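Shown next, in structure tokens, is the structure this report addresses.
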Amino acid sequence: MKLRYFIMAGVALLALSSCSDFLDKPSDTRVTLTNTEQLRMLMTSAYPNQNYALVCELSTDNFIDNNSPSIEGVRYNLNAYNRNDDEAFAWEDIRSVSDSDSPSELWESYYYSIATCNAVLQKVEEFEADGENSEKLQAVKGEALITRAYCHFMLANIFCMPYRGDDLSQYYPGIPYATEPETTVKPHYERGTLTETYANIQKDIEAGLPLIDDGIYEIPKYHFNKQAAYTFASRFYLFKRDYEKVLQYANMAFGGPEVDPMPYMSDIWAQTNLNYADEYGKYYANSVHQRNFMLLPTYSVYMRHLAGGRRYGINREGMRGSVRGPGPTWERCRYQNTQLGWVWAMHPCMMAMWVNGSQEYGVWWAGTAGEQFEYTDKIAGIGYAHQVIVEFTGEEALLNRAEAKLFLGDIDGCLADLGVWDAAHRNSPNVDSDGRMDPWSKEIVWNFYTKCMDKYNRNIDPSRREILGTKYNDSIYFGIAKPLHIDEVCPSSRYHLTADIMPYMQCIQHFRRFEFFQRGLRWFDIKRLGISYNHVIGKDARVETLNPDVANGVLDPRLALQIPNEIIAAGIDPTDRTDPPKIPTMAAPKVAKDLAVPYNE
């Protein structure tokens, strides 16, 4: 009995000792940032680690429902990867799944990055107050400001309506613009207006750009280096239709207006030693390439959504209107599937494509995106799926600049930039020498896109017509040139999309659709350009039309994805995705006349 009491007493003393040790430790175990180098290192974790491509691509005209009727036969048994795909394709609220590639994960990832930036900026302010003002500290400050601006910009373009100028944008909700670290439990945030959101983004860009210094980075391509920051600025001002600044920053991304942009174009089309899709993906996203201005490693199972036999994918009119369809210089480059009897026009560089599933109902994808798997246990075969996003590139800076030149009246300069893009994509062993590709010229651009617009305006709706026939039909141009309503979306007193520049603008949006294939940026262009199209859903061919009244300046409220459920539950106002906001008549944009140019065969 005495022994038992001694043991119990000993256990009690140990418990008291452990409790005392626990109470002696500080309750706040966060790392204390004491110098500039620590701030620089912390910024390596200040970048979003989620991929926005999937939810955006599913919403675009690139994707179709393989279960919808087809002349090749109907297949109603193809399943989506998960319920989120069904919701995104139908432009419904995406609520079913909250794992990788979902709106929930995107929201959390971007705001986590913003929180990191705010923590760094708070310390920078403290260091400056203590008298430190080194170039390295200012460079860290610049990176934090630009990264914070970028994260808010992406949140706004995913979860908000397109920017419509300061006057109209005040009628649309923005997203909470966080500029201070959280110090209280469950703080309340207001969404504010879209006008206020864009004003704050612009403020951070203008403050951060002059401070960026590539010299502080170990691997600049994984940070907001100068080229990436300038390209981001050109993207931001493109969406605002401030074309003078687009031109300024796109030029700076290349090192000046006189610098040849060709070295900043991709050479992936010229590779002959890449045989598998993952090899193409790794090559495309390699940091050694000049054209890759910034890379973002993400957790993503995006490519698994494109697995064989999936319900939604790039096929039929989505495929023919983007990477496996005709273009101004490759309209005569026609190919035939001997098994199915299909004949179609396609850029020769797109021979490096794969199909998961059967060609008539599968999912096409290019080798410019691929999964990289990180094993945590190779024996068990478990780990994390990653995709490296090539977020800013020389091609984007070039196409941003081409659009700016077009609206600033420099048509020849615009065509020169588009000609660089065309020349870069000829750098492929698949480009034959039998004369099927036409030389680049102003006339061929005008003729091709005028013809595309004319065919579309003959009430040929490519999103409702089946295009995969056994005979090539050149009276259907797959929706390559859809009506553009940029003036109705973001009216400007200085810039107008007139008939004399419409074919060139159609070329720009077509090249952008081609270039940003599977990257999600097509969704942002659809929003800012006011493009309308249909999604045909299921065996009963239910038709959902996006932007049905955009010609009258009324934007579809489904252009803004719904904010996540848990964020709404925390007190943030949801987005009204059923009714457009009530905009006073005095503020409504003028309706542009039909700018289509008649084409005489």
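Following the order of the structure tokens, first chain is A, next is B, and so on, with residues numbered from 1 inside each chain and ligands from 1 in the order they appear.
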So that I can check the surroundings of A:Pro348, please list as an mmCIF file with all heavy atoms, in the first residue's frame every protein, DNA and RNA residue that reaches within 10 Å of it, counting only C-alpha atoms and ignoring chain neighbours fewer than 6 positions away.
```cif
data_model
loop_
_atom_site.group_PDB
_atom_site.id
_atom_site.type_symbol
_atom_site.label_atom_id
_atom_site.label_comp_id
_atom_site.auth_asym_id
_atom_site.auth_seq_id
_atom_site.Cartn_x
_atom_site.Cartn_y
_atom_site.Cartn_z
ATOM 1 N N TRP A 269 7.681 24.083 -79.943
ATOM 2 C CA TRP A 269 7.207 23.520 -81.207
ATOM 3 C C TRP A 269 8.360 22.923 -82.006
ATOM 4 O O TRP A 269 8.130 22.114 -82.910
ATOM 5 C CB TRP A 269 6.495 24.602 -82.023
ATOM 6 C CG TRP A 269 5.680 25.519 -81.191
ATOM 7 C CD1 TRP A 269 5.904 26.846 -80.950
ATOM 8 C CD2 TRP A 269 4.504 25.183 -80.443
ATOM 9 N NE1 TRP A 269 4.952 27.352 -80.103
ATOM 10 C CE2 TRP A 269 4.079 26.356 -79.776
ATOM 11 C CE3 TRP A 269 3.774 24.012 -80.267
ATOM 12 C CZ2 TRP A 269 2.955 26.385 -78.957
ATOM 13 C CZ3 TRP A 269 2.657 24.044 -79.447
ATOM 14 C CH2 TRP A 269 2.259 25.212 -78.809
ATOM 15 N N ARG A 324 -7.307 23.050 -82.764
ATOM 16 C CA ARG A 324 -7.370 22.134 -83.909
ATOM 17 C C ARG A 324 -8.391 22.624 -84.931
ATOM 18 O O ARG A 324 -9.259 21.881 -85.392
ATOM 19 C CB ARG A 324 -7.686 20.713 -83.446
ATOM 20 C CG ARG A 324 -6.518 20.063 -82.749
ATOM 21 C CD ARG A 324 -6.818 18.636 -82.323
ATOM 22 N NE ARG A 324 -6.617 17.653 -83.363
ATOM 23 C CZ ARG A 324 -5.459 17.044 -83.608
ATOM 24 N NH1 ARG A 324 -4.388 17.342 -82.898
ATOM 25 N NH2 ARG A 324 -5.362 16.126 -84.548
ATOM 26 N N TRP A 330 -2.868 29.139 -91.768
ATOM 27 C CA TRP A 330 -2.863 27.676 -91.836
ATOM 28 C C TRP A 330 -4.231 27.100 -92.222
ATOM 29 O O TRP A 330 -4.529 25.944 -91.997
ATOM 30 C CB TRP A 330 -2.386 27.073 -90.513
ATOM 31 C CG TRP A 330 -3.228 27.350 -89.302
ATOM 32 C CD1 TRP A 330 -4.232 26.569 -88.814
ATOM 33 C CD2 TRP A 330 -3.111 28.445 -88.392
ATOM 34 N NE1 TRP A 330 -4.768 27.118 -87.673
ATOM 35 C CE2 TRP A 330 -4.091 28.274 -87.376
ATOM 36 C CE3 TRP A 330 -2.288 29.583 -88.326
ATOM 37 C CZ2 TRP A 330 -4.263 29.180 -86.332
ATOM 38 C CZ3 TRP A 330 -2.452 30.480 -87.285
ATOM 39 C CH2 TRP A 330 -3.429 30.272 -86.308
ATOM 40 N N CYS A 333 -3.919 24.000 -94.300
ATOM 41 C CA CYS A 333 -3.226 22.856 -93.700
ATOM 42 C C CYS A 333 -4.286 21.891 -93.179
ATOM 43 O O CYS A 333 -4.754 22.013 -92.041
ATOM 44 C CB CYS A 333 -2.306 23.308 -92.572
ATOM 45 S SG CYS A 333 -0.963 24.370 -93.104
ATOM 46 N N ARG A 334 -4.680 20.967 -94.026
ATOM 47 C CA ARG A 334 -5.774 20.058 -93.684
ATOM 48 C C ARG A 334 -5.243 18.650 -93.436
ATOM 49 O O ARG A 334 -4.285 18.212 -94.072
ATOM 50 C CB ARG A 334 -6.828 20.049 -94.788
ATOM 51 C CG ARG A 334 -7.426 21.441 -94.996
ATOM 52 C CD ARG A 334 -8.551 21.439 -95.998
ATOM 53 N NE ARG A 334 -9.078 22.786 -96.183
ATOM 54 C CZ ARG A 334 -10.109 23.083 -96.952
ATOM 55 N NH1 ARG A 334 -10.746 22.113 -97.605
ATOM 56 N NH2 ARG A 334 -10.527 24.320 -97.079
ATOM 57 N N TYR A 335 -5.900 17.993 -92.488
ATOM 58 C CA TYR A 335 -5.493 16.651 -92.090
ATOM 59 C C TYR A 335 -6.715 15.744 -92.099
ATOM 60 O O TYR A 335 -7.852 16.197 -91.992
ATOM 61 C CB TYR A 335 -4.853 16.680 -90.697
ATOM 62 C CG TYR A 335 -3.629 17.553 -90.620
ATOM 63 C CD1 TYR A 335 -3.742 18.927 -90.392
ATOM 64 C CD2 TYR A 335 -2.362 17.016 -90.801
ATOM 65 C CE1 TYR A 335 -2.630 19.736 -90.336
ATOM 66 C CE2 TYR A 335 -1.238 17.812 -90.744
ATOM 67 C CZ TYR A 335 -1.368 19.178 -90.515
ATOM 68 O OH TYR A 335 -0.249 19.978 -90.463
ATOM 69 N N HIS A 425 5.397 30.137 -84.150
ATOM 70 C CA HIS A 425 4.688 28.862 -84.224
ATOM 71 C C HIS A 425 4.984 28.095 -85.509
ATOM 72 O O HIS A 425 4.599 26.932 -85.639
ATOM 73 C CB HIS A 425 3.175 29.100 -84.078
ATOM 74 C CG HIS A 425 2.767 29.419 -82.675
ATOM 75 N ND1 HIS A 425 3.038 30.638 -82.088
ATOM 76 C CD2 HIS A 425 2.147 28.677 -81.715
ATOM 77 C CE1 HIS A 425 2.580 30.639 -80.847
ATOM 78 N NE2 HIS A 425 2.046 29.470 -80.594
ATOM 79 N N ARG A 426 5.683 28.732 -86.442
ATOM 80 C CA ARG A 426 6.160 28.005 -87.618
ATOM 81 C C ARG A 426 7.447 27.244 -87.317
ATOM 82 O O ARG A 426 7.890 26.434 -88.135
ATOM 83 C CB ARG A 426 6.399 28.970 -88.773
ATOM 84 C CG ARG A 426 5.146 29.622 -89.340
ATOM 85 C CD ARG A 426 5.529 30.683 -90.368
ATOM 86 N NE ARG A 426 4.375 31.431 -90.825
ATOM 87 C CZ ARG A 426 3.781 31.235 -92.007
ATOM 88 N NH1 ARG A 426 4.226 30.303 -92.830
ATOM 89 N NH2 ARG A 426 2.735 31.978 -92.366
ATOM 90 N N ASN A 427 8.033 27.527 -86.181
ATOM 91 C CA ASN A 427 9.301 26.894 -85.812
ATOM 92 C C ASN A 427 9.038 25.487 -85.300
ATOM 93 O O ASN A 427 9.196 25.177 -84.127
ATOM 94 C CB ASN A 427 9.998 27.741 -84.745
ATOM 95 C CG ASN A 427 11.379 27.219 -84.420
ATOM 96 O OD1 ASN A 427 11.990 26.503 -85.221
ATOM 97 N ND2 ASN A 427 11.883 27.570 -83.252
ATOM 98 N N SER A 428 8.598 24.630 -86.204
ATOM 99 C CA SER A 428 8.195 23.273 -85.836
ATOM 100 C C SER A 428 8.544 22.329 -86.975
ATOM 101 O O SER A 428 8.362 22.671 -88.156
ATOM 102 C CB SER A 428 6.684 23.213 -85.563
ATOM 103 O OG SER A 428 6.237 21.881 -85.487
ATOM 104 N N PRO A 429 9.046 21.144 -86.652
ATOM 105 C CA PRO A 429 9.329 20.174 -87.721
ATOM 106 C C PRO A 429 8.079 19.704 -88.437
ATOM 107 O O PRO A 429 8.160 19.143 -89.529
ATOM 108 C CB PRO A 429 10.012 19.021 -86.970
ATOM 109 C CG PRO A 429 9.529 19.141 -85.565
ATOM 110 C CD PRO A 429 9.384 20.613 -85.326
ATOM 111 N N ASN A 430 6.915 19.945 -87.837
ATOM 112 C CA ASN A 430 5.661 19.527 -88.458
ATOM 113 C C ASN A 430 5.150 20.521 -89.500
ATOM 114 O O ASN A 430 4.205 20.229 -90.216
ATOM 115 C CB ASN A 430 4.584 19.331 -87.382
ATOM 116 C CG ASN A 430 4.933 18.210 -86.419
ATOM 117 O OD1 ASN A 430 5.329 17.128 -86.839
ATOM 118 N ND2 ASN A 430 4.805 18.471 -85.128
ATOM 119 N N VAL A 431 5.763 21.713 -89.534
ATOM 120 C CA VAL A 431 5.385 22.692 -90.547
ATOM 121 C C VAL A 431 6.020 22.255 -91.855
ATOM 122 O O VAL A 431 7.234 22.284 -92.018
ATOM 123 C CB VAL A 431 5.836 24.109 -90.153
ATOM 124 C CG1 VAL A 431 5.547 25.092 -91.281
ATOM 125 C CG2 VAL A 431 5.142 24.552 -88.882
ATOM 126 N N ASP A 432 5.210 21.843 -92.785
ATOM 127 C CA ASP A 432 5.736 21.268 -94.023
ATOM 128 C C ASP A 432 6.215 22.356 -94.974
ATOM 129 O O ASP A 432 5.984 23.547 -94.775
ATOM 130 C CB ASP A 432 4.690 20.386 -94.684
ATOM 131 C CG ASP A 432 3.349 21.100 -94.849
ATOM 132 O OD1 ASP A 432 3.333 22.354 -94.807
ATOM 133 O OD2 ASP A 432 2.344 20.413 -95.020
ATOM 134 N N MET A 437 1.107 26.378 -95.893
ATOM 135 C CA MET A 437 1.007 27.538 -95.006
ATOM 136 C C MET A 437 1.233 28.806 -95.814
ATOM 137 O O MET A 437 2.190 28.913 -96.578
ATOM 138 C CB MET A 437 2.020 27.435 -93.859
ATOM 139 C CG MET A 437 1.612 26.438 -92.796
ATOM 140 S SD MET A 437 2.438 26.724 -91.203
ATOM 141 C CE MET A 437 1.577 28.197 -90.632
#
```
Which of stretch 212-419 of chain A end up as strand (DSSP E or B) when DSSP is run on this backbone - answer as a ChimeraX atom specification?
/A:292-299,310,312-314,334-337,342-345,353-356,363-366,372-377,382-393
Please report the interatomic distance between atom CA of A:Ala499 and atom CA of A:Trp446 in Å with one decimal.
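So the answer is 11.1 Å.
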Would you list the contacts of A:Leu559 as a list in words, taking every protein, DNA or RNA residue within 9 Å and counting only C-alpha atoms, but skipping same-chain residues closer than 5 positions in sequence?
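Here the qualifying residues turn out to be Ser59, Trp91, Ile158, Phe159, Cys160, Met161, Pro162, Trp523, Ile526, Lys527, Leu546, Asn547 and Arg577 of chain A.
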Which residues, written as a PyMOL selection string, have at least one atom at most 12 Å from A:Glu128, with only C-alpha atoms counted and residues fewer than 6 positions away on the same chain left out?
chain A and resi 35-36+121-122+134-135+137-138+141
Counting only C-alpha atoms, which residue out of A:Glu488, A:Glu108, A:Asp579, A:Asp86 sits closest to A:Gly530?
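Residue with the minimum atom-to-atom distance to A:Gly530: A:Glu488.
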Distance of atom CA of A:Ile268 from atom CA of A:Phe232, expressed in Å to one decimal place
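Straight-line distance from atom CA of A:Phe232 to atom CA of A:Ile268 works out to 23.1 Å.
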Could you check the closest approach to A:Asp260 for each of A:Lys245, A:Glu143, A:Gly394, A:Gly538 and tell me which residue wins, using only C-alpha atoms?
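Checking each candidate against A:Asp260, we get A:Gly394 as the closest.
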When you look at A:Thr195 with a cut-off of 6 Å (counting only C-alpha atoms), what residues show up, excluding the ones that are within fewer than 3 positions of it in the same chain? I need them as a PDB file with all heavy atoms, in the first residue's frame.
```pdb
ATOM      1  N   ASP A 166     -14.857  52.951 -63.986  1.00  0.00           N
ATOM      2  CA  ASP A 166     -15.148  53.336 -62.604  1.00  0.00           C
ATOM      3  C   ASP A 166     -16.624  53.623 -62.369  1.00  0.00           C
ATOM      4  O   ASP A 166     -17.164  53.303 -61.306  1.00  0.00           O
ATOM      5  CB  ASP A 166     -14.313  54.563 -62.218  1.00  0.00           C
ATOM      6  CG  ASP A 166     -12.853  54.197 -61.985  1.00  0.00           C
ATOM      7  OD1 ASP A 166     -12.551  52.990 -61.897  1.00  0.00           O
ATOM      8  OD2 ASP A 166     -12.018  55.120 -61.900  1.00  0.00           O
ATOM      9  N   SER A 169     -18.645  50.174 -62.597  1.00  0.00           N
ATOM     10  CA  SER A 169     -18.147  49.154 -61.669  1.00  0.00           C
ATOM     11  C   SER A 169     -18.553  49.418 -60.223  1.00  0.00           C
ATOM     12  O   SER A 169     -18.488  48.518 -59.388  1.00  0.00           O
ATOM     13  CB  SER A 169     -16.620  49.053 -61.763  1.00  0.00           C
ATOM     14  OG  SER A 169     -16.233  48.585 -63.031  1.00  0.00           O
ATOM     15  N   GLN A 170     -18.992  50.633 -59.930  1.00  0.00           N
ATOM     16  CA  GLN A 170     -19.420  50.923 -58.565  1.00  0.00           C
ATOM     17  C   GLN A 170     -20.740  50.230 -58.222  1.00  0.00           C
ATOM     18  O   GLN A 170     -21.117  50.151 -57.062  1.00  0.00           O
ATOM     19  CB  GLN A 170     -19.555  52.427 -58.361  1.00  0.00           C
ATOM     20  CG  GLN A 170     -20.660  53.080 -59.188  1.00  0.00           C
ATOM     21  CD  GLN A 170     -20.763  54.569 -58.963  1.00  0.00           C
ATOM     22  OE1 GLN A 170     -20.743  55.028 -57.818  1.00  0.00           O
ATOM     23  NE2 GLN A 170     -20.848  55.338 -60.047  1.00  0.00           N
ATOM     24  N   TYR A 198     -10.411  47.694 -57.811  1.00  0.00           N
ATOM     25  CA  TYR A 198      -9.434  48.008 -58.862  1.00  0.00           C
ATOM     26  C   TYR A 198      -8.568  49.206 -58.480  1.00  0.00           C
ATOM     27  O   TYR A 198      -7.375  49.256 -58.836  1.00  0.00           O
ATOM     28  CB  TYR A 198     -10.158  48.241 -60.190  1.00  0.00           C
ATOM     29  CG  TYR A 198     -10.217  46.994 -61.046  1.00  0.00           C
ATOM     30  CD1 TYR A 198     -11.023  45.916 -60.684  1.00  0.00           C
ATOM     31  CD2 TYR A 198      -9.456  46.871 -62.202  1.00  0.00           C
ATOM     32  CE1 TYR A 198     -11.075  44.761 -61.448  1.00  0.00           C
ATOM     33  CE2 TYR A 198      -9.505  45.719 -62.976  1.00  0.00           C
ATOM     34  CZ  TYR A 198     -10.315  44.668 -62.591  1.00  0.00           C
ATOM     35  OH  TYR A 198     -10.358  43.524 -63.347  1.00  0.00           O
TER      36      TYR A 198
END
```
If I take atom CA of A:Ala285 and atom CA of A:Val390, how far is one from the other in Å, to one decimal?
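Answer for the atom CA of A:Ala285 to atom CA of A:Val390 separation: 5.9 Å.
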Within 9 Å of A:Gln50 using only C-alpha atoms, minus same-chain residues under 5 positions, as a PyMOL selection string:
chain A and resi 100-102+105-106+109-110+296-300
Please identify all polymer residues within 9 Å of A:Glu403, counting only C-alpha atoms, omitting same-chain residues fewer than 6 positions from it, and present them as a list in words.
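Residues meeting the cut-off are Leu238, Tyr243, Val246, Leu247, Cys414, Tyr504, Met505 and Ile508 of chain A.
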For the residues in the current selection, export N, CA and C atoms as a compact mmCIF listing (two decimals), in the first residue's frame.
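What ended up in again12.txt:
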```
# COMPACT_ATOMS: atom_id res chain seq x y z
N LEU A 238 -4.72 46.31 -69.37
CA LEU A 238 -5.49 45.81 -70.51
C LEU A 238 -6.95 45.63 -70.11
N TYR A 243 -4.80 51.72 -72.57
CA TYR A 243 -3.88 51.12 -73.53
C TYR A 243 -2.51 51.78 -73.56
N VAL A 246 -0.68 49.90 -71.01
CA VAL A 246 -0.43 48.54 -71.50
C VAL A 246 0.81 48.54 -72.39
N LEU A 247 0.86 49.48 -73.32
CA LEU A 247 2.00 49.58 -74.23
C LEU A 247 3.29 49.86 -73.47
N CYS A 414 0.62 46.63 -84.61
CA CYS A 414 -0.15 45.49 -84.10
C CYS A 414 0.11 44.25 -84.94
N TYR A 504 -8.76 42.56 -87.08
CA TYR A 504 -7.50 42.44 -86.38
C TYR A 504 -7.73 42.11 -84.90
N MET A 505 -8.79 42.67 -84.33
CA MET A 505 -9.13 42.33 -82.95
C MET A 505 -9.58 40.87 -82.85
N ILE A 508 -6.51 38.85 -82.69
CA ILE A 508 -5.88 38.90 -81.36
C ILE A 508 -6.58 37.94 -80.40
```
Using DSSP on the backbone coordinates, identify the residues of stretch 241-307 of chain A assigned to helix (DSSP H, G or I); present them as a ChimeraX atom specification.
/A:243-254,262-264,268-270,277-284,302-306
Output for the residues just chosen: C-alpha atoms as a CSV table (one decimal), in the first residue's frame:
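Ended up saving to again.csv:
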```
chain,number,residue,atom,x,y,z
A,243,TYR,CA,-3.9,51.1,-73.5
A,244,GLU,CA,-1.1,53.7,-73.2
A,245,LYS,CA,0.0,52.0,-69.9
A,246,VAL,CA,-0.4,48.5,-71.5
A,247,LEU,CA,2.0,49.6,-74.2
A,248,GLN,CA,4.4,51.1,-71.7
A,249,TYR,CA,4.6,48.1,-69.5
A,250,ALA,CA,4.6,45.5,-72.2
A,251,ASN,CA,7.5,47.3,-73.8
A,252,MET,CA,9.3,47.3,-70.5
A,253,ALA,CA,8.8,43.5,-70.1
A,254,PHE,CA,10.9,43.1,-73.3
A,262,MET,CA,11.3,36.7,-80.9
A,263,PRO,CA,13.7,35.3,-78.3
A,264,TYR,CA,10.9,35.5,-75.7
A,268,ILE,CA,8.6,24.0,-77.7
A,269,TRP,CA,7.2,23.5,-81.2
A,270,ALA,CA,10.7,22.9,-82.4
A,277,ALA,CA,2.9,14.5,-72.5
A,278,ASP,CA,4.7,14.8,-69.2
A,279,GLU,CA,8.0,15.5,-71.0
A,280,TYR,CA,6.4,18.4,-72.9
A,281,GLY,CA,4.9,19.7,-69.7
A,282,LYS,CA,8.3,19.7,-67.9
A,283,TYR,CA,10.0,21.3,-70.8
A,284,TYR,CA,7.3,24.0,-71.2
A,302,TYR,CA,-6.3,19.4,-63.2
A,303,MET,CA,-5.0,16.9,-65.7
A,304,ARG,CA,-6.9,14.0,-64.0
A,305,HIS,CA,-10.1,15.8,-64.9
A,306,LEU,CA,-9.0,15.3,-68.6
```
Using only C-alpha atoms, pick whichever of A:His289, A:Val124, A:Ala46, A:Asn565 has the shortest atom-to-atom distance to A:Asp267.
A:His289
